[in-house]
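To start, the structure under review is shown below, and the notes come after it.
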2 protein chains.
Amino acid sequence: MTASAVNHQVLLTSRPHGIPQAEHFTIASAPIPDLAAGEILVRNQYLSVEPAMRGWVNAVGNYSDAVQIREVMRAFAAGEVIASRNPNYAVGDKVMGMLGWQTFSVTNGEALRRKVREDDLPLSLSLGVLGINGVTAYFALNEIGQPRPGDTVVVSTAAGAVGSAVGQLAKMAGCRTVGIAGGAVKVQTCLTEFGFDAAVDYKSPDFERELAAACPGGVDIYHDNTGGPITDAVLRHINKNARIIICGTASVASWDPWPIGPRVERHLLNKAARMQGFLVWDYEHRYEEAVARLAAWVRNGSLRYCEEIVEGIEQAPGAIADLYRGENNGKRLIRLS
Amino acid sequence: MTASAVNHQVLLTSRPHGIPQAEHFTIASAPIPDLAAGEILVRNQYLSVEPAMRGWVNAVGNYSDAVQIREVMRAFAAGEVIASRNPNYAVGDKVMGMLGWQTFSVTNGEALRRKVREDDLPLSLSLGVLGINGVTAYFALNEIGQPRPGDTVVVSTAAGAVGSAVGQLAKMAGCRTVGIAGGAVKVQTCLTEFGFDAAVDYKSPDFERELAAACPGGVDIYHDNTGGPITDAVLRHINKNARIIICGTASVASWDPWPIGPRVERHLLNKAARMQGFLVWDYEHRYEEAVARLAAWVRNGSLRYCEEIVEGIEQAPGAIADLYRGENNGKRLIRLS
């Protein structure tokens with residue numbers, strides 16, 4: 001450690017209603033404390049940006065406690081152990097976990113999700129296709145979707161970090177895959193990069209008709225990352241015994257109060273369909289199982305991914321709003337030099 | 001057969017929008033045809049009245065084809081074989097099935113659900129607690145609800161034929177049971193007749209508060225027979241990993257077009273909860289398993305039921321509307337003399 005090694009931290013400084021913008025955050029400097037027994041110091045190399053972060057900063061209606069005002073923004077990050085007073089971690093270990101939007105993290109290990117042992121693959125993957133996004137795709141599709149060969153699987157935000165993985169895993173399971181994405185570029189990405197059998201632009205004035213045309217045999221599994229009117233449109237095409245995985249609600253700006261929409265009760269009844277919320281935290285105990293499978297597919301080229309990496313912590317405050325503008329391609333990461 | 005044995009049939013003669021009323025039906029007489037090879041003649045003794053019949057006559061938005069105009073109203077009935085040209089059925093056999101609202105039914109056996117072999121129990125039970133209602137309760141609770149000891153199970157239309165059975169089966173499974181019913185009499189029936197641990201009147205101006213007070217530990221399973229605002233109220237109290245069984249939508253008068261209500265996507269996500277439609281037809285292959293269990297519980301007194309039996313086929317046309325007025329207590333049946 002040198003005297004110049006201050007910690008740059010992105011603090012939540014006001015409470016957003018809806019999508020957090022750059023002005024809700026402040027970048028502050030803090031000294032790096034001496035390590036207590038059991039603690040390690042991690043130099044973060046990549047900070048993650050997730051759609052779910054919107055929920056983490058909202059005061060109500062989420063699955064976890066909200067980030068507090070003046071708290072370092074909760075975030076996944078990956079980096080290298082540069083000092084250790086914990087026998088389980090050695091200097092040089094690569095780790096990922098809930099290390100926050102900051103350049104250095106001190107933790108007793110509780111914040112860590114795992115040691116990253118895939119030394120032949122970029123560390124950044126541990127935050128995307130081999131991280132929360134890939135693991136989400138793996139368990140959401142397999143545990144809730146339960147794909148069978150021949151099923152039609154529709155995926156919203158299909159060009160995104162989770163959606164693109166869901167589509168490819170479903171294809172490997174013998175399913176027909178239909179992606180929903182925003183704009184011609186992302187639709188093309190779904191087809192050429194991620195191998196969807198069909199892809200539909202939800203911004204098209206003919207979206208409903210195009211969706212129907214893309215699903216002539218109906219929909220058996222819908223992996224939903226959006227909620228809202230896109231979900232309503234897909235629901236009109238579900239088959240008997242359909243499985244609807246509620247994984248994200250990116251298209252709905254605020255859930256306080258609950259917005260209104262078409263009631264689903266009768267439709268779920270008539271189709272004996274299942275709609276189920278998915279939280280990846282419920283599968284933490286099986287994380288390594290998923291990473292091992294996903295890494296093997298990445299290595300043999302059957303699981304593709306897309307990263308969009310920007311440089312410097314000053315990119316962090318506006319990054320969530322960027323995601324929700326749909327301007328990114330693939331997994332959004334912030335690299336720290 | 002005597003010359004006087006004409007068949008009295010309740011025909012659907014106009015298409016209801018919403019709840020079918022007496023004026024949508026006409027009672028007509030028809031001759032009883034000679035039996036072809038393979039056919040049997042059943043003298044119906046009990047005709048069933050189900051909330052689901054509303055869906056069967058509506059033109060859109062159901063799980064089965066609509067009853068056609070001038071067709072005999074689709075209905076479960078139970079009776080006795082009085083003539084047979086089918087080696088599988090003998091004169092004197094008791095049978096139940098989709099025999100229609102009529103005094104006599106001719107079938108090659110396809111309309112039959114089963115032979116009724118519980119000779120020690122009233123034949124009428126084969127249409128209720130040992131019929132579609134009890135079987136629905138059994139599979140909906142066990143297959144979708146998956147009750148565990150200590151779970152809080154909320155049931156809507158809790159004094160009804162399905163709901164009362166769900167509550168008792170859940171109680172036998174070690175759950176805490178909370179019934180929702182309309183009016184003080186039905187609430188009392190839930191408590192004294194069907195052993196619910198608590199019961200709440202959805203017509204009470206304090207319904208939301210009373211529901212919350214009845215579920216201090218939240219809701220693990222909701223067996224939903226109503227949909228609509230009652231369901232919205234229960235959803236606000238679900239626990240992590242809750243199971244919501246969509247079994248009926250009695251409180252919503254029409255699903256054409258789909259009515260609007262609070263969107264559930266985010267809530268299901270935050271709770272990793274499951275909302276699933278239940279169709280008893282999907283469990284036909286296991287019908288006898290359920291009846292055997294239910295009959296044993298009826299015999300030993302641990303499963304109680306309530307029947308409301310009216311006399312004569314002329315009661316049939318108005319019977320569905322009566323159900324939806326909530327005026328009945330228990331399973332509504334029509335006895336034919």
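Quick note on naming: the chains in the structure tokens go A, B, ... in the order shown, residues restart at 1 in each chain, and ligands are numbered from 1 in order of appearance.
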
Please provide as JSON, numbers by chain all residues within 9 Å of Lys94 (chain A), with the sequence filter that same-chain residues fewer than 6 positions apart are discarded (counting only C-alpha atoms).
{"A": [42, 78, 79, 80, 81, 114, 115, 116, 117, 119, 123]}

Writing out the chosen residues with C-alpha atoms as a PDB file, in the first residue's frame:
```pdb
ATOM      1  CA  VAL A  42      -9.414  -6.554  -2.205  1.00  0.00           C
ATOM      2  CA  ALA A  78     -14.382  -8.844  -8.796  1.00  0.00           C
ATOM      3  CA  GLY A  79     -10.788  -8.249  -7.855  1.00  0.00           C
ATOM      4  CA  GLU A  80      -7.611  -9.513  -6.309  1.00  0.00           C
ATOM      5  CA  VAL A  81      -6.659  -9.981  -2.693  1.00  0.00           C
ATOM      6  CA  ARG A 114     -16.526 -17.164  -4.286  1.00  0.00           C
ATOM      7  CA  LYS A 115     -12.906 -17.467  -5.225  1.00  0.00           C
ATOM      8  CA  VAL A 116     -12.584 -17.252  -8.980  1.00  0.00           C
ATOM      9  CA  ARG A 117     -10.575 -20.254 -10.083  1.00  0.00           C
ATOM     10  CA  ASP A 119      -7.683 -18.717 -14.488  1.00  0.00           C
ATOM     11  CA  LEU A 123     -11.933 -12.325 -14.535  1.00  0.00           C
TER      12      LEU A 123
END
```

Residue hits in chain A, query chain B, radius 8 Å, only C-alpha atoms, as a ChimeraX atom specification
/A:61-63,227-228,246-249,255,258-263,265-279

Please list as a ChimeraX atom specification every residue within 10 Å of Thr136 (chain B), counting only C-alpha atoms and excluding residues in the same chain fewer than 2 positions away.
/B:128-134,138-142,161-163,165-166,247,278-281,283,287,290

Calculate how many Å separate CA of Ala212 (chain A) from CA of Met172 (chain A), rounding to one decimal.
23.4 Å

Near-Arg176 (chain B) list (7 Å; only C-alpha atoms; drop same-chain fewer than 3 positions) as a list in words
Gly150, Asp151, Thr152, Val153, Lys171 and Asp197 of chain B

For the selection just defined, write its residues with C-alpha atoms to a file, as a CSV table (one decimal), in the first residue's frame.
```
chain,number,residue,atom,x,y,z
B,150,GLY,CA,-47.0,-25.1,10.4
B,151,ASP,CA,-47.9,-23.4,7.1
B,152,THR,CA,-50.6,-20.9,7.1
B,153,VAL,CA,-53.2,-21.8,4.5
B,171,LYS,CA,-55.6,-29.0,8.9
B,197,ASP,CA,-58.5,-21.8,13.0
```

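If you count only C-alpha atoms and ignore residues fewer than 3 places along the chain from Cys190 (chain A), what sits within 10 Å of it is Thr157, Ala158, Ala159, Gly160, Gly163, Ser164, Gly167, Gln168, Thr177, Val178, Gly179, Ile180, Ala181, Ala184, Val185, Lys186, Val187, Glu193, Phe194, Gly195, Phe196, Asp197, Ala198, Ala199 and Val200 of chain A.
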
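Rounded to one decimal, CA of Glu71 (chain A) and CA of Leu125 (chain A) lie 26.5 Å from each other.
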
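The interatomic distance for the pair CA of Gln102 (chain A) and CA of Leu11 (chain A) works out to 8.9 Å.
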
Considering only strand (DSSP E) as DSSP defines it on the backbone, what residues of region 124-263 of chain A qualify? List them as an MDAnalysis selection string.
chainID A and resid 152:156 176:181 198:201 219:224 238:246 260:262

Residues within 8 Å of Val234 (chain A), only C-alpha atoms, excluding chain neighbours under 5 positions, as an MDAnalysis selection string:
chainID A and resid 211 219 222

Counting only C-alpha atoms, what is within 6 Å of region 74-76 of chain B, bar same-chain residues fewer than 6 positions away, as a VMD selection string?
chain B and resid 48 97 to 101
